[in-house]
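Single-structure report; data block below.
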Amino acid sequence: MTQKVLRVGILTADEGAQAIQGIYLPILAALTNTYRVAVIYNASRSTKQTLTETRKTYTNVHYTSGHANGHHKNGATIANRDENGQKSVPRADSVEEVISDPSIELILNFMPNEYHEIYTVAALNAGKHVMVETPLSLSIQSARRIIDAEKHAPNGAKVFVACARRYAPCIEEVFKKEVASLDRIYYARCRNIAGPSLAHTATAPRKKIWDALAGAAYGSAVGENKGKTSGSQLMHGLLQEMFLGEELTKERIALCEFLASLGCHDLGLMRDTLGYPDAISNISVNEPYYSALFHYDSGRMGGHPFTLMYETGTDAVPRCDAHLAIYGDTKTVSIQYGLPYVRGEPVKVVVETADENGEMKRTESLSGWQETYEQELKVLHAYLTQGMMAKTIARDGLQDVKLFYQIFEQYDRQCGTIRTPLG
């Protein structure tokens, strides 16, 4: 049966542009029977148009005009060939040009986090599906506005949250089955200690959110002009919603930035495997290192309570020590992975048991980075065109933002009783 080919428009900037160029464009180019990239807007390169418009511009707007069949007004292209040898993609001069194109059916929103809501809602209002990079947004209220826009979107437009690691074939085929086979979970650990990488915001050298909020020229790097809603203004509003009037200290913002970059990928996989934790305790913050205890009560996971230790941070050592490990009595099951959006990083499931002689028995299962992203995009296509189920929909993305908020709630409760750099 012939599958529907979805025409794709891409919005990207900064580290998101690296993920698009190095990961998604090659994979999309390989899936010619399901996707065709029609146009890309890269705010890191554009200087002719502003990156943002005011929220009023995008409120209840249903675009009808555009440039059909991928013929955009300036006919500009990024290059004759990209670094992967793929044919060049027409380049748009503004976000509106992509969203207003009537031939586009799917928008990939890989803009910085503060733009997730404004452009996702704009695309939904235009009747276009959206794959938005995780996290869905930076506040619970913002995430709910996206979900509300999805409910009222024309053409049945849907939201899908990009988190490819959760679609690695070895997770469904091996990891979850091995975890389910445990007679009891005694303990779990989620760790991600990572060194320098240009592929991800948590470890890439860049200006911090604090610099933006303090008035540094953050917007100039992505083409903002005076008189428009800037990235720093959007970020400030989202953080005010998140923290409900609490002081936006450097330390608090740094933790939020970390959770919304590296942390959301780890926490999403943790929830996917074990569900949403019942309680959080003992938040430790010593920037750029963070840890927390997540508790699962006796009514779940086989009827026995257990604790998961989450530990994460960045340093100057060029490596990535990242895994989720589940400990039973006779078996340990772990999944090992690298940083998001790094080419060549497989996802590995390791099962450790004792053989009949009491010696270590170890088995490994691998999913390559290409098949992981291919699987994500195949699920996306089935979700949009066939009504199949998907894990990373907007309501699931809201759970990550709620978990962020609970982490900060616990921090606020323990301030004054446990000495940390946050208080």
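Each chain in the structure tokens gets a letter, A, B and so on, in the order shown; residues start at 1 in every chain, and ligands are counted from 1 in the order they appear.
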
Using only C-alpha atoms, which residues sit within 7 Å of segment 361-376 of chain A once same-chain residues fewer than 3 positions away are excluded, as a PyMOL selection string? chain A and resi 27+164-165+167-170+343-355+379-380

Emit the selected residues as a compact mmCIF listing (two decimals), in the first residue's frame, including C-alpha atoms.
```txt
# COMPACT_ATOMS: atom_id res chain seq x y z
CA ILE A 27 17.34 10.30 8.11
CA ALA A 164 14.40 9.58 19.83
CA ARG A 165 16.12 7.65 22.61
CA TYR A 167 12.14 4.82 20.43
CA ALA A 168 15.36 2.78 20.28
CA PRO A 169 14.25 -0.71 19.15
CA CYS A 170 16.26 -2.44 21.88
CA ARG A 343 26.02 10.72 15.49
CA GLY A 344 27.39 7.22 15.95
CA GLU A 345 26.17 6.80 19.53
CA PRO A 346 24.28 3.48 19.87
CA VAL A 347 21.81 2.58 22.59
CA LYS A 348 22.94 -0.55 24.44
CA VAL A 349 20.94 -2.84 26.72
CA VAL A 350 23.05 -4.88 29.16
CA VAL A 351 21.66 -7.79 31.18
CA GLU A 352 23.83 -9.21 33.98
CA THR A 353 23.01 -12.43 35.83
CA ALA A 354 24.87 -15.32 37.45
CA ASP A 355 25.29 -18.60 35.58
CA VAL A 379 6.15 6.11 14.65
CA LEU A 380 5.54 9.80 13.97
```

Please, which residues in segment 127-202 of chain A fall within 8 Å of segment 314-325 of chain A when counting only C-alpha atoms, and what is the closest atom pair and distance in Å to one decimal for each, ordered by chain then residue number, as CSV?
```
residue,atom,partner,partner_atom,distance
A:Ala188,CA,A:Ala325,CA,5.6
A:Arg189,CA,A:Ala325,CA,5.2
A:Cys190,CA,A:Leu324,CA,4.4
A:Arg191,CA,A:Ala322,CA,5.2
A:Asn192,CA,A:Ala322,CA,4.1
A:Ile193,CA,A:Asp321,CA,5.2
A:Ala194,CA,A:Cys320,CA,4.3
A:Gly195,CA,A:Pro318,CA,4.4
A:Pro196,CA,A:Pro318,CA,5.5
A:Ser197,CA,A:Pro318,CA,7.7
A:Ala202,CA,A:Thr314,CA,7.5
```

Find the residues around Arg271 of chain A up to 10 Å (only C-alpha atoms counted), leave out those fewer than 4 positions away in its own chain, and share them as a PDB file with C-alpha atoms, in the first residue's frame.
```pdb
ATOM      1  CA  ASP A 266      16.999  11.182  30.990  1.00  0.00           C
ATOM      2  CA  LEU A 267      13.793  11.827  32.918  1.00  0.00           C
ATOM      3  CA  GLY A 275       6.319   5.461  35.415  1.00  0.00           C
ATOM      4  CA  TYR A 276       5.918   8.760  37.210  1.00  0.00           C
ATOM      5  CA  PRO A 277       7.584   8.785  40.672  1.00  0.00           C
ATOM      6  CA  ASP A 396       3.245  12.981  27.865  1.00  0.00           C
ATOM      7  CA  GLN A 399       4.615  15.172  32.550  1.00  0.00           C
ATOM      8  CA  ASP A 400       8.265  16.192  32.142  1.00  0.00           C
ATOM      9  CA  LEU A 403       8.384  16.711  37.145  1.00  0.00           C
TER      10      LEU A 403
END
```

Just the number, please: distance in Å from atom CA of Val159 of chain A to atom CA of Glu15 of chain A, one decimal.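 Interatomic distance here is 21.5 Å.
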
Write out as JSON, numbers by chain the set of residues from segment 82-293 of chain A that DSSP, computed on the backbone, places in helix (DSSP H, G or I). {"A": [95, 96, 97, 98, 99, 113, 114, 115, 116, 117, 118, 119, 120, 121, 122, 123, 124, 125, 140, 141, 142, 143, 144, 145, 146, 147, 148, 149, 150, 151, 154, 155, 156, 164, 165, 166, 167, 169, 170, 171, 172, 173, 174, 175, 176, 177, 178, 179, 180, 209, 210, 211, 212, 213, 219, 220, 221, 222, 231, 232, 233, 234, 235, 236, 237, 238, 239, 240, 241, 242, 243, 250, 251, 252, 253, 254, 255, 256, 257, 258, 259, 260, 261, 262, 263, 264, 265, 266, 267, 268, 269, 270, 271, 272, 273, 274]}

Please report, as CSV, each residue of segment 157-182 of chain A lying at most 12 Å from segment 140-151 of chain A, together with the nearest pair of atoms and the separation in Å rounded to one decimal; use only C-alpha atoms, and order rows by chain and ascending residue number.
```
residue,atom,partner,partner_atom,distance
A:Ala157,CA,A:Glu150,CA,6.5
A:Lys158,CA,A:Glu150,CA,6.0
A:Val159,CA,A:Glu150,CA,6.9
A:Phe160,CA,A:Glu150,CA,10.6
A:Val161,CA,A:Ala143,CA,11.5
```

Could you please take those selected residues and save C-alpha atoms as a compact mmCIF listing (two decimals), in the first residue's frame?
```
# COMPACT_ATOMS: atom_id res chain seq x y z
CA ALA A 157 -3.30 18.79 13.60
CA LYS A 158 -1.32 16.93 16.27
CA VAL A 159 1.78 17.49 18.41
CA PHE A 160 4.60 14.95 18.74
CA VAL A 161 7.56 15.53 21.09
```

Could you check the closest approach to Gly263 of chain A for each of A:Gln414, A:Ser291, A:Ser281, A:Ser230 and tell me which residue wins, using only C-alpha atoms?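 Smallest separation from Gly263 of chain A among the options: A:Ser291.
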
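With distances restricted to only C-alpha atoms, A:Val5 is the closest residue to Ala38 of chain A from A:Leu384, A:Leu308, A:Val5, A:Leu136.
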
Strand (DSSP E or B) call set, DSSP backbone run, segment 166-196 of chain A, as a list in words: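 For segment 166-196 of chain A, the strand (DSSP E or B) set is Tyr187, Ala188, Arg189, Cys190, Arg191, Asn192, Ile193 and Ala194 of chain A.
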
Residues near Tyr24 of chain A, cut-off 10 Å, only C-alpha atoms, skip fewer than 5 positions along chain, as a list in words: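 Once the adjacent positions are removed, what remains is Ala17, Gln18, Ala19, Ala29, Ala30, Leu108, Tyr341, Gln370, Tyr373, Glu374 and Leu377 of chain A.
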
Same residues, N, CA and C atoms, output as a tab-separated table (two decimals), in the first residue's frame:
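The result, stored in result_22.tsv:
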```tsv
chain	number	residue	atom	x	y	z
A	17	ALA	N	20.02	23.49	15.13
A	17	ALA	CA	20.43	23.41	13.73
A	17	ALA	C	21.43	22.29	13.52
A	18	GLN	N	22.28	22.04	14.51
A	18	GLN	CA	23.24	20.94	14.41
A	18	GLN	C	22.53	19.60	14.43
A	19	ALA	N	21.49	19.48	15.28
A	19	ALA	CA	20.72	18.25	15.33
A	19	ALA	C	20.01	18.00	14.01
A	29	ALA	N	15.95	12.21	4.54
A	29	ALA	CA	16.28	11.98	3.14
A	29	ALA	C	16.21	10.50	2.78
A	30	ALA	N	16.49	9.64	3.76
A	30	ALA	CA	16.44	8.19	3.53
A	30	ALA	C	15.01	7.67	3.51
A	108	LEU	N	8.76	20.82	11.85
A	108	LEU	CA	9.73	20.39	12.86
A	108	LEU	C	10.19	21.63	13.59
A	341	TYR	N	21.55	13.62	19.99
A	341	TYR	CA	21.94	14.29	18.75
A	341	TYR	C	23.43	14.15	18.42
A	370	GLN	N	21.14	5.39	13.73
A	370	GLN	CA	20.27	5.59	12.57
A	370	GLN	C	18.92	4.92	12.77
A	373	TYR	N	16.58	6.86	15.26
A	373	TYR	CA	15.88	8.02	14.69
A	373	TYR	C	14.90	7.60	13.60
A	374	GLU	N	15.23	6.58	12.84
A	374	GLU	CA	14.30	6.07	11.84
A	374	GLU	C	13.02	5.57	12.50
A	377	LEU	N	10.80	8.44	13.60
A	377	LEU	CA	10.10	9.07	12.49
A	377	LEU	C	9.04	8.15	11.88
```

Pick out the residues sitting within 8 Å of Tyr289 of chain A, and hand them over as a ChimeraX atom specification; count only C-alpha atoms, and ignore anything fewer than 5 positions along from it in its own chain. /A:311-314

Hey, what's within 9 Å of Phe294 of chain A if we count only C-alpha atoms and toss same-chain stuff fewer than 5 positions away? As a compact mmCIF listing (two decimals) with N, CA and C atoms, in the first residue's frame, please?
```
# COMPACT_ATOMS: atom_id res chain seq x y z
N PRO A 277 7.27 9.06 39.26
CA PRO A 277 7.58 8.78 40.67
C PRO A 277 6.50 9.29 41.60
N ASP A 278 6.38 8.64 42.76
CA ASP A 278 5.36 9.02 43.74
C ASP A 278 5.82 10.15 44.65
N ALA A 279 7.12 10.30 44.81
CA ALA A 279 7.63 11.36 45.67
C ALA A 279 9.07 11.66 45.28
N ILE A 280 9.53 12.85 45.64
CA ILE A 280 10.90 13.28 45.39
C ILE A 280 11.48 13.79 46.69
N SER A 281 12.74 13.46 46.97
CA SER A 281 13.37 13.96 48.20
C SER A 281 14.85 14.23 47.95
N ASN A 282 15.45 14.93 48.89
CA ASN A 282 16.90 15.12 48.93
C ASN A 282 17.49 15.66 47.63
N PHE A 306 10.63 1.13 46.14
CA PHE A 306 12.06 1.24 45.87
C PHE A 306 12.39 2.70 45.57
N THR A 307 13.68 2.98 45.53
CA THR A 307 14.17 4.34 45.31
C THR A 307 15.06 4.37 44.07
N LEU A 308 14.96 5.44 43.32
CA LEU A 308 15.84 5.68 42.18
C LEU A 308 16.70 6.91 42.48
N MET A 309 17.99 6.76 42.34
CA MET A 309 18.91 7.87 42.48
C MET A 309 19.18 8.48 41.11
N TYR A 310 18.91 9.77 40.98
CA TYR A 310 19.18 10.49 39.74
C TYR A 310 20.40 11.37 39.99
```

Leaving out Leu25 of chain A and any residue of its chain fewer than 2 positions from it, which residues lie within 10 Å of it when counting only C-alpha atoms, given as a list in words? Ile10, Ala19, Ile20, Gln21, Gly22, Ile23, Ile27, Leu28, Ala29, Ala30, Leu31, Arg36, Val37, Asp82, Asn84, Gln86 and Val89 of chain A

Which of these residues is nearest to Gly338 of chain A, using only C-alpha atoms: A:Ala254, A:Leu262, A:Ile99, A:Ala390?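 When distances to Gly338 of chain A are compared using only C-alpha atoms, the smallest one comes from A:Leu262.
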